[in-house]
file start31.pdb (PDB, N, CA and C atoms)
MODEL        1
ATOM      1  N   MET A  14      53.680 -31.167  99.784
ATOM      2  CA  MET A  14      52.624 -31.891 100.468
ATOM      3  C   MET A  14      52.500 -31.360 101.892
ATOM      4  N   ILE A  15      51.276 -31.092 102.320
ATOM      5  CA  ILE A  15      51.011 -30.589 103.662
ATOM      6  C   ILE A  15      50.791 -31.771 104.591
ATOM      7  N   THR A  16      51.437 -31.741 105.739
ATOM      8  CA  THR A  16      51.306 -32.812 106.725
ATOM      9  C   THR A  16      50.805 -32.222 108.036
ATOM     10  N   TYR A  17      49.748 -32.796 108.581
ATOM     11  CA  TYR A  17      49.207 -32.370 109.872
ATOM     12  C   TYR A  17      49.993 -33.060 110.979
ATOM     13  N   ILE A  18      50.583 -32.269 111.902
ATOM     14  CA  ILE A  18      51.380 -32.871 112.969
ATOM     15  C   ILE A  18      50.802 -32.617 114.355
ATOM     16  N   GLY A  19      49.718 -31.858 114.464
ATOM     17  CA  GLY A  19      49.082 -31.615 115.761
ATOM     18  C   GLY A  19      48.634 -30.171 115.909
ATOM     19  N   GLN A  20      48.215 -29.834 117.108
ATOM     20  CA  GLN A  20      47.733 -28.496 117.410
ATOM     21  C   GLN A  20      48.777 -27.745 118.229
ATOM     22  N   ASP A  21      48.929 -26.473 117.959
ATOM     23  CA  ASP A  21      49.817 -25.606 118.722
ATOM     24  C   ASP A  21      49.137 -25.266 120.045
ATOM     25  N   SER A  22      49.782 -25.600 121.146
ATOM     26  CA  SER A  22      49.168 -25.373 122.452
ATOM     27  C   SER A  22      48.993 -23.886 122.769
ATOM     28  N   SER A  23      49.718 -23.008 122.095
ATOM     29  CA  SER A  23      49.552 -21.576 122.341
ATOM     30  C   SER A  23      48.234 -21.059 121.757
ATOM     31  N   ALA A  24      47.613 -21.808 120.843
ATOM     32  CA  ALA A  24      46.341 -21.403 120.241
ATOM     33  C   ALA A  24      45.140 -21.874 121.050
ATOM     34  N   VAL A  25      45.365 -22.684 122.071
ATOM     35  CA  VAL A  25      44.279 -23.224 122.886
ATOM     36  C   VAL A  25      43.800 -22.160 123.868
ATOM     37  N   LYS A  26      42.486 -22.026 123.983
ATOM     38  CA  LYS A  26      41.879 -21.117 124.953
ATOM     39  C   LYS A  26      41.148 -21.941 125.989
ATOM     40  N   ARG A  27      40.932 -21.367 127.158
ATOM     41  CA  ARG A  27      40.300 -22.097 128.251
ATOM     42  C   ARG A  27      39.139 -21.284 128.799
ATOM     43  N   VAL A  28      38.059 -21.970 129.145
ATOM     44  CA  VAL A  28      36.876 -21.319 129.710
ATOM     45  C   VAL A  28      36.263 -22.261 130.745
ATOM     46  N   THR A  29      35.625 -21.684 131.765
ATOM     47  CA  THR A  29      34.884 -22.471 132.748
ATOM     48  C   THR A  29      33.400 -22.298 132.471
ATOM     49  N   HIS A  30      32.703 -23.410 132.295
ATOM     50  CA  HIS A  30      31.253 -23.359 132.068
ATOM     51  C   HIS A  30      30.581 -23.112 133.414
ATOM     52  N   ARG A  31      29.943 -21.983 133.553
ATOM     53  CA  ARG A  31      29.358 -21.591 134.841
ATOM     54  C   ARG A  31      28.233 -22.509 135.292
ATOM     55  N   ALA A  32      27.528 -23.109 134.370
ATOM     56  CA  ALA A  32      26.389 -23.954 134.739
ATOM     57  C   ALA A  32      26.804 -25.240 135.443
ATOM     58  N   CYS A  33      27.915 -25.854 135.007
ATOM     59  CA  CYS A  33      28.308 -27.142 135.595
ATOM     60  C   CYS A  33      29.709 -27.144 136.176
ATOM     61  N   GLY A  34      30.462 -26.052 135.975
ATOM     62  CA  GLY A  34      31.797 -25.953 136.539
ATOM     63  C   GLY A  34      32.890 -26.639 135.741
ATOM     64  N   ALA A  35      32.570 -27.159 134.566
ATOM     65  CA  ALA A  35      33.567 -27.850 133.750
ATOM     66  C   ALA A  35      34.586 -26.846 133.213
ATOM     67  N   VAL A  36      35.856 -27.187 133.291
ATOM     68  CA  VAL A  36      36.920 -26.389 132.694
ATOM     69  C   VAL A  36      37.181 -26.978 131.317
ATOM     70  N   LEU A  37      37.019 -26.161 130.285
ATOM     71  CA  LEU A  37      37.073 -26.634 128.905
ATOM     72  C   LEU A  37      38.158 -25.911 128.126
ATOM     73  N   GLU A  38      38.844 -26.630 127.266
ATOM     74  CA  GLU A  38      39.806 -26.046 126.342
ATOM     75  C   GLU A  38      39.220 -26.130 124.938
ATOM     76  N   TYR A  39      39.437 -25.068 124.152
ATOM     77  CA  TYR A  39      38.887 -25.027 122.792
ATOM     78  C   TYR A  39      39.788 -24.202 121.897
ATOM     79  N   HIS A  40      39.580 -24.341 120.600
ATOM     80  CA  HIS A  40      40.237 -23.523 119.576
ATOM     81  C   HIS A  40      39.172 -22.636 118.938
ATOM     82  N   ASP A  41      39.594 -21.571 118.277
ATOM     83  CA  ASP A  41      38.650 -20.665 117.620
ATOM     84  C   ASP A  41      37.753 -21.385 116.617
ATOM     85  N   VAL A  42      38.248 -22.434 115.969
ATOM     86  CA  VAL A  42      37.436 -23.148 114.975
ATOM     87  C   VAL A  42      36.301 -23.934 115.633
ATOM     88  N   ASP A  43      36.348 -24.146 116.949
ATOM     89  CA  ASP A  43      35.289 -24.861 117.666
ATOM     90  C   ASP A  43      34.085 -23.977 117.955
ATOM     91  N   VAL A  44      34.267 -22.657 117.882
ATOM     92  CA  VAL A  44      33.200 -21.711 118.200
ATOM     93  C   VAL A  44      32.278 -21.559 116.996
ATOM     94  N   VAL A  45      30.977 -21.762 117.230
ATOM     95  CA  VAL A  45      29.966 -21.679 116.170
ATOM     96  C   VAL A  45      28.838 -20.746 116.621
ATOM     97  N   PRO A  46      28.041 -20.240 115.684
ATOM     98  CA  PRO A  46      26.890 -19.422 116.071
ATOM     99  C   PRO A  46      25.870 -20.265 116.854
ATOM    100  N   LEU A  47      25.462 -19.774 118.012
ATOM    101  CA  LEU A  47      24.438 -20.457 118.810
ATOM    102  C   LEU A  47      23.070 -19.814 118.626
ATOM    103  N   HIS A  48      23.058 -18.508 118.425
ATOM    104  CA  HIS A  48      21.795 -17.783 118.318
ATOM    105  C   HIS A  48      22.007 -16.551 117.454
ATOM    106  N   ARG A  49      21.104 -16.310 116.555
ATOM    107  CA  ARG A  49      21.102 -15.096 115.743
ATOM    108  C   ARG A  49      19.668 -14.578 115.707
ATOM    109  N   GLY A  50      19.514 -13.285 115.846
ATOM    110  CA  GLY A  50      18.177 -12.714 115.797
ATOM    111  C   GLY A  50      18.221 -11.211 115.964
ATOM    112  N   LYS A  51      17.109 -10.663 116.391
ATOM    113  CA  LYS A  51      16.971  -9.224 116.613
ATOM    114  C   LYS A  51      16.464  -9.012 118.032
ATOM    115  N   ASP A  52      16.938  -7.934 118.660
ATOM    116  CA  ASP A  52      16.414  -7.592 119.979
ATOM    117  C   ASP A  52      15.136  -6.774 119.831
ATOM    118  N   TRP A  53      14.584  -6.298 120.924
ATOM    119  CA  TRP A  53      13.292  -5.619 120.884
ATOM    120  C   TRP A  53      13.346  -4.293 120.138
ATOM    121  N   THR A  54      14.551  -3.732 119.952
ATOM    122  CA  THR A  54      14.670  -2.478 119.194
ATOM    123  C   THR A  54      14.900  -2.717 117.708
ATOM    124  N   GLY A  55      15.083  -3.975 117.323
ATOM    125  CA  GLY A  55      15.355  -4.303 115.932
ATOM    126  C   GLY A  55      16.830  -4.450 115.626
ATOM    127  N   GLY A  56      17.670  -4.232 116.628
ATOM    128  CA  GLY A  56      19.107  -4.369 116.442
ATOM    129  C   GLY A  56      19.542  -5.823 116.475
ATOM    130  N   ALA A  57      20.756  -6.062 116.065
ATOM    131  CA  ALA A  57      21.303  -7.425 116.030
ATOM    132  C   ALA A  57      21.442  -7.983 117.437
ATOM    133  N   ASP A  58      21.141  -9.268 117.575
ATOM    134  CA  ASP A  58      21.262  -9.974 118.846
ATOM    135  C   ASP A  58      21.760 -11.376 118.534
ATOM    136  N   GLY A  59      22.722 -11.860 119.281
ATOM    137  CA  GLY A  59      23.198 -13.206 119.024
ATOM    138  C   GLY A  59      24.306 -13.612 119.967
ATOM    139  N   SER A  60      24.748 -14.851 119.789
ATOM    140  CA  SER A  60      25.849 -15.376 120.604
ATOM    141  C   SER A  60      26.595 -16.461 119.837
ATOM    142  N   ASP A  61      27.869 -16.593 120.162
ATOM    143  CA  ASP A  61      28.727 -17.628 119.599
ATOM    144  C   ASP A  61      29.260 -18.471 120.749
ATOM    145  N   GLY A  62      29.467 -19.741 120.494
ATOM    146  CA  GLY A  62      30.000 -20.632 121.518
ATOM    147  C   GLY A  62      29.974 -22.067 121.047
ATOM    148  N   PHE A  63      29.769 -22.984 121.984
ATOM    149  CA  PHE A  63      29.713 -24.411 121.672
ATOM    150  C   PHE A  63      28.975 -25.132 122.784
ATOM    151  N   ARG A  64      28.686 -26.403 122.568
ATOM    152  CA  ARG A  64      27.991 -27.225 123.557
ATOM    153  C   ARG A  64      29.003 -27.803 124.535
ATOM    154  N   CYS A  65      28.650 -27.820 125.817
ATOM    155  CA  CYS A  65      29.514 -28.384 126.849
ATOM    156  C   CYS A  65      29.485 -29.908 126.742
ATOM    157  N   PRO A  66      30.641 -30.550 126.644
ATOM    158  CA  PRO A  66      30.655 -32.010 126.546
ATOM    159  C   PRO A  66      30.256 -32.703 127.852
ATOM    160  N   LYS A  67      30.289 -31.983 128.973
ATOM    161  CA  LYS A  67      29.916 -32.591 130.253
ATOM    162  C   LYS A  67      28.407 -32.579 130.477
ATOM    163  N   CYS A  68      27.779 -31.392 130.308
ATOM    164  CA  CYS A  68      26.352 -31.294 130.635
ATOM    165  C   CYS A  68      25.459 -31.070 129.424
ATOM    166  N   GLY A  69      26.035 -30.715 128.266
ATOM    167  CA  GLY A  69      25.235 -30.489 127.068
ATOM    168  C   GLY A  69      24.678 -29.088 126.940
ATOM    169  N   GLY A  70      24.949 -28.232 127.911
ATOM    170  CA  GLY A  70      24.467 -26.850 127.848
ATOM    171  C   GLY A  70      25.315 -25.994 126.941
ATOM    172  N   ASN A  71      24.816 -24.813 126.618
ATOM    173  CA  ASN A  71      25.555 -23.891 125.771
ATOM    174  C   ASN A  71      26.631 -23.170 126.572
ATOM    175  N   VAL A  72      27.840 -23.107 126.011
ATOM    176  CA  VAL A  72      28.925 -22.308 126.569
ATOM    177  C   VAL A  72      29.055 -21.099 125.656
ATOM    178  N   ILE A  73      28.719 -19.916 126.162
ATOM    179  CA  ILE A  73      28.724 -18.704 125.357
ATOM    180  C   ILE A  73      30.093 -18.039 125.472
ATOM    181  N   ILE A  74      30.734 -17.856 124.323
ATOM    182  CA  ILE A  74      32.043 -17.218 124.270
ATOM    183  C   ILE A  74      31.903 -15.732 123.960
ATOM    184  N   ARG A  75      31.027 -15.380 123.009
ATOM    185  CA  ARG A  75      30.766 -13.989 122.638
ATOM    186  C   ARG A  75      29.261 -13.786 122.516
ATOM    187  N   SER A  76      28.802 -12.638 122.957
ATOM    188  CA  SER A  76      27.389 -12.279 122.741
ATOM    189  C   SER A  76      27.307 -10.795 122.442
ATOM    190  N   TRP A  77      26.264 -10.392 121.757
ATOM    191  CA  TRP A  77      26.056  -8.994 121.397
ATOM    192  C   TRP A  77      24.591  -8.700 121.329
TER     193      TRP A  77
ENDMDL
END

call {"tool": "encode", "arguments": {"input": "start31.pdb", "output": "structure tokens"}}
result
Amino acid sequence: MITYIGQDSSAVKRVTHRACGAVLEYHDVDVVPLHRGKDWTGGADGSDGFRCPKCGGNVIIRSW
């Protein structure tokens, strides 16, 4: 039987949201696609991140 006992603090990452200055901690499973599309050349364009719990804005972790 598998028992959940908590989160490993070594897996926690930290980022500062530039728009509001909030310091946020997150796990990789919290990161979701925010935008997917094509740029003007037809190449892939997008970003991954999450919503800031303080201001509601997007916190971008990865973009391409």

call {"tool": "resolve_selection", "arguments": {"input": "start31.pdb", "expression": "the PyMOL selection byres (((chain A and resi 41 and name CA) around 9) and name CA)", "output": "short mmCIF file (atom, residue, chain, number, x, y, z; two decimals) with N, CA and C atoms, keeping the file's coordinate frame"}}
result
data_model
loop_
_atom_site.label_atom_id
_atom_site.label_comp_id
_atom_site.auth_asym_id
_atom_site.auth_seq_id
_atom_site.Cartn_x
_atom_site.Cartn_y
_atom_site.Cartn_z
N ALA A 24 47.61 -21.81 120.84
CA ALA A 24 46.34 -21.40 120.24
C ALA A 24 45.14 -21.87 121.05
N VAL A 25 45.36 -22.68 122.07
CA VAL A 25 44.28 -23.22 122.89
C VAL A 25 43.80 -22.16 123.87
N LYS A 26 42.49 -22.03 123.98
CA LYS A 26 41.88 -21.12 124.95
C LYS A 26 41.15 -21.94 125.99
N TYR A 39 39.44 -25.07 124.15
CA TYR A 39 38.89 -25.03 122.79
C TYR A 39 39.79 -24.20 121.90
N HIS A 40 39.58 -24.34 120.60
CA HIS A 40 40.24 -23.52 119.58
C HIS A 40 39.17 -22.64 118.94
N VAL A 42 38.25 -22.43 115.97
CA VAL A 42 37.44 -23.15 114.98
C VAL A 42 36.30 -23.93 115.63
N ASP A 43 36.35 -24.15 116.95
CA ASP A 43 35.29 -24.86 117.67
C ASP A 43 34.08 -23.98 117.96
N VAL A 44 34.27 -22.66 117.88
CA VAL A 44 33.20 -21.71 118.20
C VAL A 44 32.28 -21.56 117.00
N VAL A 45 30.98 -21.76 117.23
CA VAL A 45 29.97 -21.68 116.17
C VAL A 45 28.84 -20.75 116.62
#

call {"tool": "select_by_dssp", "arguments": {"input": "start31.pdb", "residues": "chain A", "states": "strand (DSSP E)", "output": "MDAnalysis selection string"}}
result
chainID A and resid 26:29 36:39 45:51 57:64 71:76

call {"tool": "residues_near_point", "arguments": {"input": "start31.pdb", "point": "(20.3, -12.6, 113.2)", "cutoff": "12 Å", "atoms": "only C-alpha atoms", "output": "ChimeraX atom specification"}}
result
/A:46-52,55-61,76-77

call {"tool": "closest_atom_pairs", "arguments": {"input": "start31.pdb", "of": "stretch 41-76 of chain A", "to": "stretch 27-36 of chain A", "cutoff": "8 Å", "atoms": "all atoms listed in the file", "output": "JSON lines"}}
result
{"residue": "A:Cys65", "atom": "CA", "partner": "A:His30", "partner_atom": "CA", "distance": 7.5}
{"residue": "A:Lys67", "atom": "CA", "partner": "A:Ala35", "partner_atom": "CA", "distance": 6.9}
{"residue": "A:Cys68", "atom": "CA", "partner": "A:Cys33", "partner_atom": "CA", "distance": 6.8}
{"residue": "A:Gly70", "atom": "CA", "partner": "A:Ala32", "partner_atom": "CA", "distance": 7.7}
{"residue": "A:Asn71", "atom": "C", "partner": "A:His30", "partner_atom": "CA", "distance": 7.2}
{"residue": "A:Val72", "atom": "CA", "partner": "A:His30", "partner_atom": "CA", "distance": 6.1}
{"residue": "A:Ile73", "atom": "N", "partner": "A:His30", "partner_atom": "CA", "distance": 7.3}

call {"tool": "axis_aligned_box", "arguments": {"input": "start31.pdb", "around": "stretch 27-39 of chain A", "padding_each_side": "5 Å", "output": "lines of an AutoDock Vina configuration file"}}
result
center_x = 33.7
center_y = -24.6
center_z = 129.2
size_x = 24.5
size_y = 16.6
size_z = 24.6

call {"tool": "atom_distance", "arguments": {"input": "start31.pdb", "atom1": "atom C of A:Arg75", "atom2": "atom CA of A:Phe63"}}
result
10.7 Å

call {"tool": "select_by_dssp", "arguments": {"input": "start31.pdb", "residues": "chain A", "states": "helix (DSSP H, G or I)", "output": "ChimeraX atom specification"}}
result
/A:22-24,41-43

call {"tool": "atom_distance", "arguments": {"input": "start31.pdb", "atom1": "atom C of A:Gln20", "atom2": "atom CA of A:Glu38"}}
result
12.2 Å

call {"tool": "atom_distance", "arguments": {"input": "start31.pdb", "atom1": "atom C of A:Pro66", "atom2": "atom CA of A:Leu37"}}
result
9.2 Å
